[in-house]
file model-v4.cif (mmCIF, C-alpha atoms)
data_entry
loop_
_atom_site.group_PDB
_atom_site.id
_atom_site.type_symbol
_atom_site.label_atom_id
_atom_site.label_comp_id
_atom_site.auth_asym_id
_atom_site.auth_seq_id
_atom_site.Cartn_x
_atom_site.Cartn_y
_atom_site.Cartn_z
ATOM 1 C CA MET A 1 -7.406 3.692 -14.261
ATOM 2 C CA ILE A 2 -8.802 0.262 -13.584
ATOM 3 C CA SER A 3 -9.843 -1.784 -16.580
ATOM 4 C CA ILE A 4 -11.679 -5.077 -16.346
ATOM 5 C CA ASP A 5 -11.839 -7.989 -18.770
ATOM 6 C CA ILE A 6 -15.344 -9.357 -18.266
ATOM 7 C CA THR A 7 -14.657 -12.175 -20.733
ATOM 8 C CA GLY A 8 -11.491 -13.335 -18.979
ATOM 9 C CA ARG A 9 -11.114 -16.339 -16.715
ATOM 10 C CA THR A 10 -9.848 -14.293 -13.778
ATOM 11 C CA PRO A 11 -12.645 -13.283 -11.387
ATOM 12 C CA ILE A 12 -13.479 -9.597 -11.604
ATOM 13 C CA TYR A 13 -12.780 -8.948 -7.921
ATOM 14 C CA GLU A 14 -9.264 -10.381 -8.397
ATOM 15 C CA GLN A 15 -8.755 -8.159 -11.441
ATOM 16 C CA ILE A 16 -9.656 -5.140 -9.309
ATOM 17 C CA CYS A 17 -7.185 -6.212 -6.601
ATOM 18 C CA ARG A 18 -4.430 -6.690 -9.177
ATOM 19 C CA ALA A 19 -5.180 -3.342 -10.800
ATOM 20 C CA VAL A 20 -4.927 -1.520 -7.452
ATOM 21 C CA CYS A 21 -1.666 -3.324 -6.638
ATOM 22 C CA SER A 22 -0.302 -2.481 -10.068
ATOM 23 C CA GLU A 23 -1.167 1.197 -9.643
ATOM 24 C CA ILE A 24 0.586 1.208 -6.264
ATOM 25 C CA THR A 25 3.674 -0.456 -7.750
ATOM 26 C CA ARG A 26 3.774 2.041 -10.627
ATOM 27 C CA GLY A 27 3.457 4.947 -8.202
ATOM 28 C CA VAL A 28 0.056 6.061 -9.485
ATOM 29 C CA LEU A 29 -1.434 5.396 -6.055
ATOM 30 C CA LYS A 30 0.578 6.373 -3.003
ATOM 31 C CA GLU A 31 0.310 5.897 0.732
ATOM 32 C CA ASN A 32 -2.838 7.524 2.172
ATOM 33 C CA ASP A 33 -4.347 8.257 -1.255
ATOM 34 C CA LYS A 34 -8.102 7.902 -1.139
ATOM 35 C CA ILE A 35 -9.605 5.347 -3.496
ATOM 36 C CA PRO A 36 -13.109 5.681 -4.930
ATOM 37 C CA PRO A 37 -15.979 4.378 -2.829
ATOM 38 C CA SER A 38 -16.907 0.864 -3.897
ATOM 39 C CA ARG A 39 -20.311 1.962 -5.184
ATOM 40 C CA ALA A 40 -18.783 4.737 -7.278
ATOM 41 C CA LEU A 41 -16.166 2.398 -8.768
ATOM 42 C CA ALA A 42 -18.852 -0.210 -9.454
ATOM 43 C CA GLN A 43 -20.928 2.360 -11.298
ATOM 44 C CA GLN A 44 -17.900 3.621 -13.240
ATOM 45 C CA LEU A 45 -16.970 0.068 -14.326
ATOM 46 C CA GLY A 46 -20.543 -1.121 -14.803
ATOM 47 C CA LEU A 47 -20.215 -3.786 -12.114
ATOM 48 C CA ASN A 48 -22.252 -5.075 -9.228
ATOM 49 C CA PRO A 49 -21.296 -3.082 -6.098
ATOM 50 C CA ASN A 50 -20.857 -6.355 -4.198
ATOM 51 C CA THR A 51 -18.052 -7.358 -6.576
ATOM 52 C CA VAL A 52 -16.090 -4.186 -5.875
ATOM 53 C CA ALA A 53 -16.852 -4.478 -2.147
ATOM 54 C CA LYS A 54 -15.388 -7.998 -2.191
ATOM 55 C CA ALA A 55 -12.213 -6.707 -3.860
ATOM 56 C CA TYR A 56 -11.910 -3.939 -1.272
ATOM 57 C CA GLN A 57 -12.411 -6.471 1.538
ATOM 58 C CA MET A 58 -9.597 -8.613 0.116
ATOM 59 C CA LEU A 59 -7.311 -5.590 -0.251
ATOM 60 C CA GLU A 60 -8.026 -4.565 3.324
ATOM 61 C CA ARG A 61 -7.514 -8.108 4.617
ATOM 62 C CA ASP A 62 -4.126 -8.156 2.880
ATOM 63 C CA GLY A 63 -3.144 -4.800 4.410
ATOM 64 C CA ILE A 64 -3.038 -2.995 1.068
ATOM 65 C CA ILE A 65 -5.819 -0.548 1.904
ATOM 66 C CA TYR A 66 -7.423 0.613 5.123
ATOM 67 C CA THR A 67 -10.858 2.041 5.816
ATOM 68 C CA VAL A 68 -11.775 4.924 8.072
ATOM 69 C CA ALA A 69 -15.439 4.927 9.079
ATOM 70 C CA GLY A 70 -17.250 7.844 7.460
ATOM 71 C CA LYS A 71 -14.163 8.876 5.475
ATOM 72 C CA GLY A 72 -13.538 6.097 2.957
ATOM 73 C CA SER A 73 -10.786 3.711 1.947
ATOM 74 C CA PHE A 74 -7.144 4.652 1.558
ATOM 75 C CA ILE A 75 -3.882 3.125 0.386
ATOM 76 C CA ALA A 76 -1.984 1.650 3.328
ATOM 77 C CA ALA A 77 1.699 2.227 3.990
ATOM 78 C CA ALA A 78 3.863 0.855 1.202
ATOM 79 C CA SER A 79 4.819 -2.645 2.090
ATOM 80 C CA SER A 80 6.000 -5.917 0.686
ATOM 81 C CA LYS A 81 2.382 -7.078 0.696
ATOM 82 C CA VAL A 82 1.762 -5.456 -2.682
ATOM 83 C CA GLY A 83 4.864 -7.105 -4.076
ATOM 84 C CA SER A 84 3.923 -10.452 -2.603
ATOM 85 C CA THR A 85 0.432 -10.205 -4.099
ATOM 86 C CA LEU A 86 1.852 -9.476 -7.536
ATOM 87 C CA THR A 87 4.509 -12.184 -7.112
ATOM 88 C CA LYS A 88 1.846 -14.724 -6.214
ATOM 89 C CA ASP A 89 -0.139 -13.761 -9.320
ATOM 90 C CA PHE A 90 2.987 -13.993 -11.475
ATOM 91 C CA GLU A 91 3.851 -17.428 -10.098
ATOM 92 C CA GLU A 92 0.329 -18.635 -10.820
ATOM 93 C CA LYS A 93 0.463 -17.421 -14.427
ATOM 94 C CA ALA A 94 3.976 -18.803 -14.953
ATOM 95 C CA ARG A 95 2.819 -22.182 -13.652
ATOM 96 C CA GLU A 96 -0.156 -22.091 -16.047
ATOM 97 C CA ALA A 97 2.168 -21.281 -18.948
ATOM 98 C CA LEU A 98 4.549 -24.108 -18.068
ATOM 99 C CA ASN A 99 1.644 -26.540 -17.685
ATOM 100 C CA ALA A 100 0.386 -25.436 -21.110
ATOM 101 C CA GLY A 101 3.729 -26.478 -22.600
ATOM 102 C CA ILE A 102 5.444 -23.116 -22.954
ATOM 103 C CA PRO A 103 9.177 -23.745 -22.445
ATOM 104 C CA LYS A 104 10.898 -22.156 -19.457
ATOM 105 C CA GLU A 105 13.375 -20.538 -21.831
ATOM 106 C CA THR A 106 10.545 -18.729 -23.627
ATOM 107 C CA LEU A 107 9.262 -17.326 -20.341
ATOM 108 C CA VAL A 108 12.764 -16.177 -19.400
ATOM 109 C CA GLU A 109 13.120 -14.475 -22.804
ATOM 110 C CA ILE A 110 9.795 -12.699 -22.335
ATOM 111 C CA ILE A 111 10.863 -11.394 -18.929
ATOM 112 C CA ALA A 112 14.246 -10.323 -20.279
ATOM 113 C CA GLN A 113 12.576 -8.442 -23.138
ATOM 114 C CA MET A 114 10.135 -6.773 -20.760
ATOM 115 C CA THR A 115 13.046 -5.653 -18.601
ATOM 116 C CA LEU A 116 14.820 -4.200 -21.625
ATOM 117 C CA ASP A 117 11.667 -2.435 -22.774
ATOM 118 C CA ARG A 118 11.084 -0.999 -19.322
ATOM 119 C CA ASN A 119 14.653 0.230 -19.001
ATOM 120 C CA GLY A 120 14.645 1.770 -22.458
ATOM 121 C CA GLY A 121 17.011 -0.850 -23.853
#

call {"tool": "encode", "arguments": {"input": "model-v4.cif", "output": "structure tokens"}}
result
Amino acid sequence: MISIDITGRTPIYEQICRAVCSEITRGVLKENDKIPPSRALAQQLGLNPNTVAKAYQMLERDGIIYTVAGKGSFIAAASSKVGSTLTKDFEEKAREALNAGIPKETLVEIIAQMTLDRNGG
């Protein structure tokens, strides 16, 4: 399920892209799964259809989804593109944190704790 933070600093279309990539990474969305039409997703999220269309265009440009005329949009073959999109986002946020004065050690501790939590440790 895609959730959007309309009060956040990240553009909504980028949030949609990240949410789709996250769902692919977590295995919620798989290769050739159909995603909702942009108008339907816009209505569901209470957004302008153009915003969702822009996100879909970016996802297609990056090879994360593909569109079949008259059929809809689908998840493309699993590739490193999803990982590289998420890595780019992570690097951007890490850079922001470092620029805000958060020590590197704190970021490393956060990642270590997240890894432990994820692995049930």

call {"tool": "closest_residue", "arguments": {"input": "model-v4.cif", "among": "A:Ile12, A:Cys17, A:Val68, A:Leu107", "to": "Tyr56 (chain A)", "atoms": "all atoms listed in the file"}}
result
A:Cys17

call {"tool": "closest_residue", "arguments": {"input": "model-v4.cif", "among": "A:Leu86, A:Lys93, A:Glu109, A:Gly120", "to": "Thr10 (chain A)", "atoms": "all atoms listed in the file"}}
result
A:Lys93

call {"tool": "atom_distance", "arguments": {"input": "model-v4.cif", "atom1": "CA of Thr115 (chain A)", "atom2": "CA of Ile64 (chain A)"}}
result
25.5 Å

call {"tool": "residues_around", "arguments": {"input": "model-v4.cif", "residues": "Ile16 (chain A)", "least_positions_apart": "6", "cutoff": "9 Å", "atoms": "all atoms listed in the file", "output": "NGL selection string"}}
result
:A and (2-4 or 52 or 55-56)

call {"tool": "closest_residue", "arguments": {"input": "model-v4.cif", "among": "A:Ile111, A:Phe74, A:Leu47, A:Ala40", "to": "Glu60 (chain A)", "atoms": "only C-alpha atoms"}}
result
A:Phe74

call {"tool": "closest_residue", "arguments": {"input": "model-v4.cif", "among": "A:Ile110, A:Tyr13, A:Asp117, A:Val28", "to": "Leu45 (chain A)", "atoms": "only C-alpha atoms"}}
result
A:Tyr13

call {"tool": "residues_around", "arguments": {"input": "model-v4.cif", "residues": "Lys30 (chain A)", "least_positions_apart": "2", "cutoff": "10 Å", "atoms": "all atoms listed in the file", "output": "compact mmCIF listing (two decimals) with C-alpha atoms, keeping the file's coordinate frame"}}
result
# COMPACT_ATOMS: atom_id res chain seq x y z
CA GLU A 23 -1.17 1.20 -9.64
CA ILE A 24 0.59 1.21 -6.26
CA THR A 25 3.67 -0.46 -7.75
CA ARG A 26 3.77 2.04 -10.63
CA GLY A 27 3.46 4.95 -8.20
CA VAL A 28 0.06 6.06 -9.48
CA ASN A 32 -2.84 7.52 2.17
CA ASP A 33 -4.35 8.26 -1.25
CA LYS A 34 -8.10 7.90 -1.14
CA PHE A 74 -7.14 4.65 1.56
CA ILE A 75 -3.88 3.12 0.39
CA ALA A 76 -1.98 1.65 3.33
CA ALA A 77 1.70 2.23 3.99
CA ALA A 78 3.86 0.86 1.20

call {"tool": "atom_distance", "arguments": {"input": "model-v4.cif", "atom1": "CA of Gly72 (chain A)", "atom2": "CA of Gln57 (chain A)"}}
result
12.7 Å

call {"tool": "atom_distance", "arguments": {"input": "model-v4.cif", "atom1": "CA of Ile6 (chain A)", "atom2": "CA of Thr51 (chain A)"}}
result
12.2 Å

call {"tool": "closest_residue", "arguments": {"input": "model-v4.cif", "among": "A:Gln15, A:Ser73, A:Thr7, A:Ser22", "to": "Ser38 (chain A)", "atoms": "all atoms listed in the file"}}
result
A:Ser73

call {"tool": "closest_residue", "arguments": {"input": "model-v4.cif", "among": "A:Gln113, A:Asp62, A:Arg18, A:Gly46", "to": "Phe90 (chain A)", "atoms": "all atoms listed in the file"}}
result
A:Arg18

call {"tool": "decode", "arguments": {"input": "model-v4.cif", "residues": "region 36-48 of chain A", "atoms": "C-alpha atoms", "output": "CSV table (one decimal), in the first residue's frame"}}
result
chain,number,residue,atom,x,y,z
A,36,PRO,CA,-3.2,0.4,-10.6
A,37,PRO,CA,-4.0,2.8,-13.5
A,38,SER,CA,-2.6,6.3,-12.6
A,39,ARG,CA,-6.1,7.8,-12.4
A,40,ALA,CA,-7.3,5.1,-10.0
A,41,LEU,CA,-4.2,5.5,-7.8
A,42,ALA,CA,-4.7,9.3,-7.9
A,43,GLN,CA,-8.3,8.9,-6.8
A,44,GLN,CA,-7.3,6.4,-4.0
A,45,LEU,CA,-4.6,8.7,-2.7
A,46,GLY,CA,-6.6,11.9,-3.2
A,47,LEU,CA,-4.0,13.3,-5.6
A,48,ASN,CA,-3.9,15.1,-9.0
